[in-house]
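Below is my_file12.cif, which holds mmCIF, C-alpha atoms.
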```cif
data_my_file
loop_
_atom_site.label_atom_id
_atom_site.label_comp_id
_atom_site.auth_asym_id
_atom_site.auth_seq_id
_atom_site.Cartn_x
_atom_site.Cartn_y
_atom_site.Cartn_z
CA MET A 1 0.00 0.00 0.00
CA ILE A 2 1.25 3.47 -0.89
CA SER A 3 0.27 6.62 0.98
CA ALA A 4 0.80 10.19 -0.14
CA SER A 5 1.83 13.30 1.73
CA PHE A 6 1.50 16.94 0.64
CA SER A 7 2.44 18.18 -2.80
CA LYS A 8 3.73 21.35 -4.39
CA MET A 9 1.72 22.39 -7.42
CA SER A 10 3.45 23.88 -10.44
CA VAL A 11 2.54 23.54 -14.10
CA PHE A 12 1.00 20.80 -16.20
CA GLY A 13 3.11 17.71 -16.75
CA PRO A 14 3.93 14.39 -15.09
CA VAL A 15 3.73 14.25 -11.31
CA VAL A 16 7.04 13.45 -9.62
CA LYS A 17 6.51 11.12 -6.64
CA ILE A 18 9.44 10.92 -4.23
CA HIS A 19 10.00 8.29 -1.54
CA PRO A 20 11.63 9.15 1.82
CA VAL A 21 14.67 6.94 1.17
CA VAL A 22 15.61 9.20 -1.75
CA LEU A 23 15.62 12.34 0.39
CA ALA A 24 17.62 10.55 3.11
CA SER A 25 20.19 9.37 0.57
CA ILE A 26 20.58 12.87 -0.88
CA CYS A 27 21.13 14.38 2.58
CA ASP A 28 23.61 11.63 3.47
CA SER A 29 25.63 12.19 0.29
CA TYR A 30 25.68 15.94 0.99
CA GLU A 31 26.96 15.39 4.54
CA ARG A 32 29.68 13.04 3.22
CA ARG A 33 30.77 15.31 0.35
CA ASN A 34 34.44 15.97 -0.29
CA GLU A 35 36.08 18.88 1.45
CA GLY A 36 35.60 22.05 -0.54
CA ALA A 37 32.70 20.69 -2.61
CA SER A 38 29.78 23.07 -2.80
CA ARG A 39 27.23 20.50 -3.92
CA VAL A 40 26.75 16.86 -4.83
CA ILE A 41 24.99 15.23 -7.77
CA GLY A 42 23.61 11.77 -8.37
CA THR A 43 21.43 9.49 -10.47
CA LEU A 44 17.72 9.06 -9.82
CA LEU A 45 16.16 5.62 -10.23
CA GLY A 46 12.53 4.63 -10.37
CA THR A 47 9.61 3.86 -12.64
CA ILE A 48 7.62 5.83 -15.20
CA ASP A 49 3.99 5.52 -16.17
CA LYS A 50 1.64 7.60 -18.29
CA HIS A 51 0.95 10.37 -15.77
CA SER A 52 3.68 10.17 -13.12
CA ILE A 53 7.33 9.51 -12.40
CA GLU A 54 8.05 7.61 -9.18
CA VAL A 55 11.52 8.10 -7.67
CA THR A 56 12.31 5.09 -5.47
CA ASN A 57 16.11 5.12 -5.20
CA CYS A 58 19.25 7.07 -6.06
CA PHE A 59 23.03 7.05 -5.74
CA SER A 60 25.60 9.84 -5.73
CA VAL A 61 28.09 10.31 -8.58
CA PRO A 62 31.58 11.81 -8.00
CA HIS A 63 32.19 15.07 -9.83
CA ASN A 64 34.36 18.17 -9.76
CA GLU A 65 33.30 21.60 -10.89
CA SER A 66 34.72 25.08 -10.97
CA GLU A 67 33.56 28.33 -12.48
CA ASP A 68 34.84 27.33 -15.92
CA GLU A 69 34.29 23.58 -16.22
CA VAL A 70 32.63 20.51 -14.76
CA ALA A 71 33.84 16.89 -14.80
CA VAL A 72 31.57 13.94 -13.95
CA ASP A 73 32.74 10.36 -13.42
CA MET A 74 30.48 8.79 -16.06
CA GLU A 75 32.17 5.37 -15.76
CA PHE A 76 31.32 5.24 -12.05
CA ALA A 77 27.70 6.10 -12.80
CA LYS A 78 27.43 3.32 -15.41
CA ASN A 79 29.00 0.72 -13.12
CA MET A 80 26.76 1.67 -10.22
CA TYR A 81 23.68 1.39 -12.40
CA GLU A 82 24.72 -2.02 -13.71
CA LEU A 83 25.19 -3.26 -10.15
CA HIS A 84 21.87 -1.79 -9.09
CA LYS A 85 20.03 -3.54 -11.93
CA ARG A 86 21.05 -6.89 -10.46
CA VAL A 87 19.15 -6.05 -7.29
CA SER A 88 16.23 -4.04 -8.69
CA PRO A 89 15.84 -4.77 -12.41
CA THR A 90 12.54 -2.86 -12.63
CA GLU A 91 14.14 0.46 -11.63
CA VAL A 92 15.52 2.51 -14.51
CA ILE A 93 17.36 5.82 -14.80
CA ILE A 94 14.77 8.60 -14.75
CA GLY A 95 17.00 11.64 -14.21
CA TRP A 96 19.48 13.15 -11.80
CA TYR A 97 19.60 15.28 -8.68
CA ALA A 98 21.78 18.10 -7.39
CA THR A 99 21.93 19.80 -4.03
CA GLY A 100 21.43 23.52 -4.09
CA PHE A 101 18.69 26.03 -4.70
CA ASP A 102 19.40 27.20 -8.25
CA ILE A 103 20.02 25.67 -11.67
CA THR A 104 23.49 26.59 -12.91
CA GLU A 105 25.15 26.58 -16.34
CA HIS A 106 26.83 23.31 -15.42
CA SER A 107 23.43 21.78 -14.81
CA VAL A 108 22.70 22.08 -18.54
CA LEU A 109 25.85 20.12 -19.40
CA ILE A 110 25.09 17.36 -16.89
CA HIS A 111 21.51 17.20 -18.09
CA GLU A 112 22.73 16.57 -21.64
CA TYR A 113 24.49 13.40 -20.46
CA TYR A 114 21.40 12.08 -18.70
CA SER A 115 19.35 12.87 -21.81
CA ARG A 116 21.37 10.12 -23.52
CA GLU A 117 20.65 7.69 -20.68
CA ALA A 118 16.91 8.37 -20.31
CA SER A 119 14.10 9.76 -22.42
CA ASN A 120 13.22 13.25 -21.20
CA PRO A 121 14.93 12.92 -17.78
CA ILE A 122 13.91 14.98 -14.78
CA HIS A 123 16.21 17.21 -12.75
CA LEU A 124 15.67 17.30 -8.98
CA THR A 125 17.11 20.05 -6.76
CA ALA A 126 17.31 19.76 -2.98
CA ASP A 127 18.12 22.82 -0.88
CA THR A 128 20.22 20.97 1.70
CA ALA A 129 21.72 24.28 2.88
CA LEU A 130 18.24 25.37 4.01
CA GLN A 131 18.57 28.81 2.42
CA SER A 132 14.83 29.42 2.77
CA GLY A 133 14.60 27.93 6.26
CA LYS A 134 13.56 24.48 4.99
CA MET A 135 14.73 21.91 2.48
CA ASN A 136 12.84 22.86 -0.65
CA ILE A 137 12.55 20.08 -3.20
CA ARG A 138 11.92 21.04 -6.83
CA ALA A 139 11.66 18.92 -9.98
CA TYR A 140 12.16 20.11 -13.54
CA VAL A 141 11.96 18.80 -17.07
CA SER A 142 13.92 20.40 -19.90
CA ALA A 143 12.62 21.73 -23.18
CA GLN A 144 14.55 23.25 -26.07
CA MET A 145 13.86 26.85 -27.01
CA GLY A 146 15.11 29.07 -29.79
CA VAL A 147 14.99 29.34 -33.57
CA PRO A 148 15.46 26.08 -35.52
CA GLY A 149 18.77 25.98 -37.34
CA LYS A 150 20.27 28.63 -35.11
CA THR A 151 21.28 28.90 -31.48
CA VAL A 152 19.09 26.67 -29.34
CA GLY A 153 18.85 26.98 -25.55
CA VAL A 154 17.37 24.83 -22.81
CA MET A 155 14.53 25.87 -20.52
CA PHE A 156 13.77 23.98 -17.30
CA THR A 157 10.05 23.77 -16.57
CA PRO A 158 8.94 23.00 -12.97
CA LEU A 159 6.81 19.94 -12.25
CA THR A 160 4.46 18.94 -9.46
CA VAL A 161 6.21 17.14 -6.58
CA LYS A 162 4.53 14.71 -4.20
CA TYR A 163 6.00 12.82 -1.25
CA ILE A 164 4.75 9.26 -0.99
CA TYR A 165 5.73 6.26 1.11
CA TYR A 166 5.04 2.59 1.59
CA ASP A 167 3.65 1.38 4.89
CA THR A 168 7.08 0.05 5.87
CA GLU A 169 8.68 3.43 5.12
CA ARG A 170 6.08 5.16 7.29
CA ILE A 171 7.51 3.41 10.36
CA GLY A 172 10.93 4.94 9.75
CA VAL A 173 9.50 8.38 8.99
CA ASP A 174 7.46 8.38 12.20
CA LEU A 175 10.53 7.32 14.18
CA LEU A 176 12.60 10.16 12.71
CA GLN A 177 9.87 12.66 13.58
CA ARG A 178 9.87 11.49 17.21
CA THR A 179 13.61 12.14 17.50
CA ARG A 180 13.01 15.87 17.02
CA LEU A 181 11.43 16.10 20.47
CA ALA A 182 13.92 13.81 22.22
CA PRO A 183 16.61 15.64 24.26
CA THR A 184 19.36 13.27 23.03
CA ARG A 185 17.98 13.23 19.44
CA THR A 186 17.72 9.43 19.69
CA LYS A 187 14.70 7.19 19.92
CA GLY A 188 14.23 3.42 20.04
CA LEU A 189 11.78 1.29 18.11
CA THR A 190 8.45 0.69 19.78
CA SER A 191 6.77 -2.69 20.19
CA ASP A 192 4.05 -3.94 17.85
CA LEU A 193 1.32 -3.36 20.41
CA SER A 194 2.54 0.19 21.03
CA GLN A 195 2.38 0.90 17.29
CA VAL A 196 -1.17 -0.47 17.15
CA ALA A 197 -2.14 1.72 20.12
CA GLY A 198 -0.53 4.77 18.53
CA SER A 199 -2.30 4.15 15.21
CA ALA A 200 -5.63 3.75 17.00
CA ALA A 201 -5.07 7.01 18.88
CA ARG A 202 -4.27 8.87 15.64
CA ILE A 203 -7.41 7.49 13.99
CA GLN A 204 -9.46 8.60 16.98
CA ASP A 205 -8.00 12.11 16.78
CA MET A 206 -8.78 12.30 13.05
CA LEU A 207 -12.34 11.12 13.63
CA THR A 208 -12.75 13.78 16.32
CA THR A 209 -11.57 16.44 13.85
CA VAL A 210 -13.99 15.18 11.19
CA LEU A 211 -16.92 15.12 13.61
CA ALA A 212 -16.13 18.66 14.79
CA TYR A 213 -16.05 19.87 11.16
CA ILE A 214 -19.40 18.19 10.40
CA GLU A 215 -21.01 19.73 13.48
CA ASP A 216 -19.72 23.19 12.53
CA VAL A 217 -21.14 22.78 9.01
CA LEU A 218 -24.54 21.65 10.33
CA SER A 219 -24.68 24.55 12.78
CA GLY A 220 -23.71 27.06 10.09
CA LYS A 221 -20.40 28.09 11.65
CA VAL A 222 -18.40 26.85 8.66
CA THR A 223 -19.29 26.95 4.97
CA ALA A 224 -19.61 23.47 3.49
CA ASP A 225 -16.84 22.39 1.10
CA ASN A 226 -18.03 20.09 -1.69
CA SER A 227 -14.61 18.47 -2.14
CA VAL A 228 -14.43 17.60 1.58
CA GLY A 229 -17.96 16.21 1.38
CA ARG A 230 -16.99 13.94 -1.51
CA PHE A 231 -13.96 12.68 0.40
CA LEU A 232 -16.12 11.94 3.45
CA MET A 233 -18.72 10.14 1.33
CA ASP A 234 -16.00 8.04 -0.27
CA LEU A 235 -14.62 7.24 3.19
CA VAL A 236 -18.02 6.18 4.52
CA ASN A 237 -18.66 3.95 1.50
CA LYS A 238 -15.37 2.14 2.05
CA VAL A 239 -16.26 1.17 5.63
CA PRO A 240 -17.57 -2.43 5.58
CA THR A 241 -20.97 -3.14 7.09
CA ILE A 242 -20.19 -5.25 10.14
CA SER A 243 -21.74 -5.60 13.57
CA ALA A 244 -19.87 -4.53 16.70
CA GLU A 245 -19.75 -8.13 17.96
CA ASP A 246 -18.27 -9.48 14.71
CA PHE A 247 -15.73 -6.64 14.63
CA GLU A 248 -14.64 -7.37 18.22
CA ASN A 249 -14.24 -11.07 17.45
CA MET A 250 -12.19 -10.30 14.34
CA LEU A 251 -9.98 -7.86 16.25
CA ASN A 252 -9.37 -10.31 19.08
CA SER A 253 -8.51 -13.04 16.60
CA ASN A 254 -5.95 -10.81 14.84
CA ILE A 255 -4.42 -9.78 18.16
CA ASN A 256 -4.11 -13.43 19.18
CA ASP A 257 -2.39 -14.21 15.88
CA LEU A 258 0.02 -11.31 16.44
CA LEU A 259 0.84 -12.48 19.96
CA MET A 260 1.41 -16.04 18.71
CA VAL A 261 3.82 -14.85 16.00
CA THR A 262 5.68 -12.70 18.56
CA TYR A 263 5.93 -15.66 20.97
CA LEU A 264 7.22 -18.00 18.25
CA SER A 265 9.82 -15.48 17.08
CA ASN A 266 11.10 -15.00 20.64
CA LEU A 267 11.19 -18.77 21.13
CA THR A 268 13.17 -19.18 17.91
CA GLN A 269 15.67 -16.54 18.97
CA ALA A 270 16.13 -18.26 22.33
CA GLN A 271 16.73 -21.62 20.65
CA ILE A 272 19.28 -20.12 18.25
CA ALA A 273 21.14 -18.45 21.13
CA LEU A 274 21.14 -21.72 23.11
CA ASN A 275 22.41 -23.67 20.10
CA GLU A 276 25.30 -21.22 19.60
CA LYS A 277 26.35 -21.62 23.21
CA LEU A 278 26.18 -25.44 22.97
CA VAL A 279 28.34 -25.40 19.85
CA LEU A 280 31.04 -23.44 21.69
CA LEU A 281 31.23 -26.06 24.49
#
```
Can you present the structure in this file as structure tokens?
Amino acid sequence: MISASFSKMSVFGPVVKIHPVVLASICDSYERRNEGASRVIGTLLGTIDKHSIEVTNCFSVPHNESEDEVAVDMEFAKNMYELHKRVSPTEVIIGWYATGFDITEHSVLIHEYYSREASNPIHLTADTALQSGKMNIRAYVSAQMGVPGKTVGVMFTPLTVKYIYYDTERIGVDLLQRTRLAPTRTKGLTSDLSQVAGSAARIQDMLTTVLAYIEDVLSGKVTADNSVGRFLMDLVNKVPTISAEDFENMLNSNINDLLMVTYLSNLTQAQIALNEKLVLL
């Protein structure tokens, strides 16, 4: 299951969907950059369909640039992609990223290389220096401009960016968010039952917000929004018709299954640890 976060609207074109692991990898490569390097670049990997481009992975590519020239290790990029295809053959090159806020003249040269590796590649910029107070993420696609037969330039057109995540990625994102409030900036993983309790509490808070909005609309305090009404109707239609007794039995059965799996995993770990100690005797 894939969930979506907020998006930044720009112009018409394919929607760029970015997974959290991509942003984490870009930040990590920026923190590990060579001394004196102002920015880092890398290859974006993912999938493409008719209306969207999904960025699921990336890797950094060594490069050197000055005011006059830029040099990119193309051989390293090719080798890394060949190795990555052995692990994830469905992911293809969809573009490249660069840290920084602006598009430079060197960006045009690098984009020309990726235009040979992918059809109409995207260019992703990440403001890792937080120039605007937050890490702005922007995506662009290039288009040629000028008079045919004469000097032709390149124009980068912004695209819509959305942040999406799988259910497994949501666990890591929630854990990172909790570290912001921790004094030591560290936080341990919670148990399965604690995650279930936390999810139930969040659902209850969201239902409370929805009920408060509906009551305000019925009392005339808030003007009704048709789009919100359609979302609520869609939500209500997706709820299965089930009695409270059947729901309680189903929930208890699932909890029992979860406890059984947890018990068996702990028992297996204990047996493995005991076997290792017996082998050393």
Name the residues in contact with Glu105 (chain A) at a cut-off of 10 Å, using all atoms listed in the file, excluding same-chain residues fewer than 4 positions from it; report them as a ChimeraX atom specification. /A:67-70,109-110
Applying 10 Å and only C-alpha atoms, which residues near region 168-171 of chain A remain after dropping the ones on its own chain fewer than 2 positions away? List them as a PDB file with C-alpha atoms, in the coordinates of the input.
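The resulting around_34.pdb:
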```
ATOM      1  CA  MET A   1       0.000   0.000   0.000  1.00  0.00           C
ATOM      2  CA  ILE A   2       1.250   3.470  -0.890  1.00  0.00           C
ATOM      3  CA  SER A   3       0.270   6.620   0.980  1.00  0.00           C
ATOM      4  CA  HIS A  19      10.000   8.290  -1.540  1.00  0.00           C
ATOM      5  CA  PRO A  20      11.630   9.150   1.820  1.00  0.00           C
ATOM      6  CA  VAL A  21      14.670   6.940   1.170  1.00  0.00           C
ATOM      7  CA  ILE A 164       4.750   9.260  -0.990  1.00  0.00           C
ATOM      8  CA  TYR A 165       5.730   6.260   1.110  1.00  0.00           C
ATOM      9  CA  TYR A 166       5.040   2.590   1.590  1.00  0.00           C
ATOM     10  CA  VAL A 173       9.500   8.380   8.990  1.00  0.00           C
ATOM     11  CA  ASP A 174       7.460   8.380  12.200  1.00  0.00           C
ATOM     12  CA  LEU A 175      10.530   7.320  14.180  1.00  0.00           C
ATOM     13  CA  LEU A 176      12.600  10.160  12.710  1.00  0.00           C
ATOM     14  CA  LEU A 189      11.780   1.290  18.110  1.00  0.00           C
ATOM     15  CA  THR A 190       8.450   0.690  19.780  1.00  0.00           C
ATOM     16  CA  GLN A 195       2.380   0.900  17.290  1.00  0.00           C
TER      17      GLN A 195
END
```
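The set of residues that the PyMOL selection byres ((chain A and resi 60) around 7) takes from this file is Ser29, Ile41, Gly42, Thr43, Cys58, Phe59, Val61 and Pro62 of chain A.
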Looking at A:Met155, A:Ile255, A:Ile94, A:Glu65, which one is nearest to Ala197 (chain A), with distances taken over only C-alpha atoms?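 Closest to Ala197 (chain A), using only C-alpha atoms: A:Ile255.
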List the residues matched by the PyMOL selection byres ((chain A and resi 57) around 7) in the displayed structure as a PyMOL selection string, ordered by chain and then by residue number. chain A and resi 21-22+44-46+55-56+58
For a cutoff of 10 Å around the file-coordinate point (13.2, 13.9, -15.9), which residues qualify once you count all atoms listed in the file? I'd like the result as a PyMOL selection string. chain A and resi 14+16+44+48+53+93-97+111+114-115+118-124+139-142+159
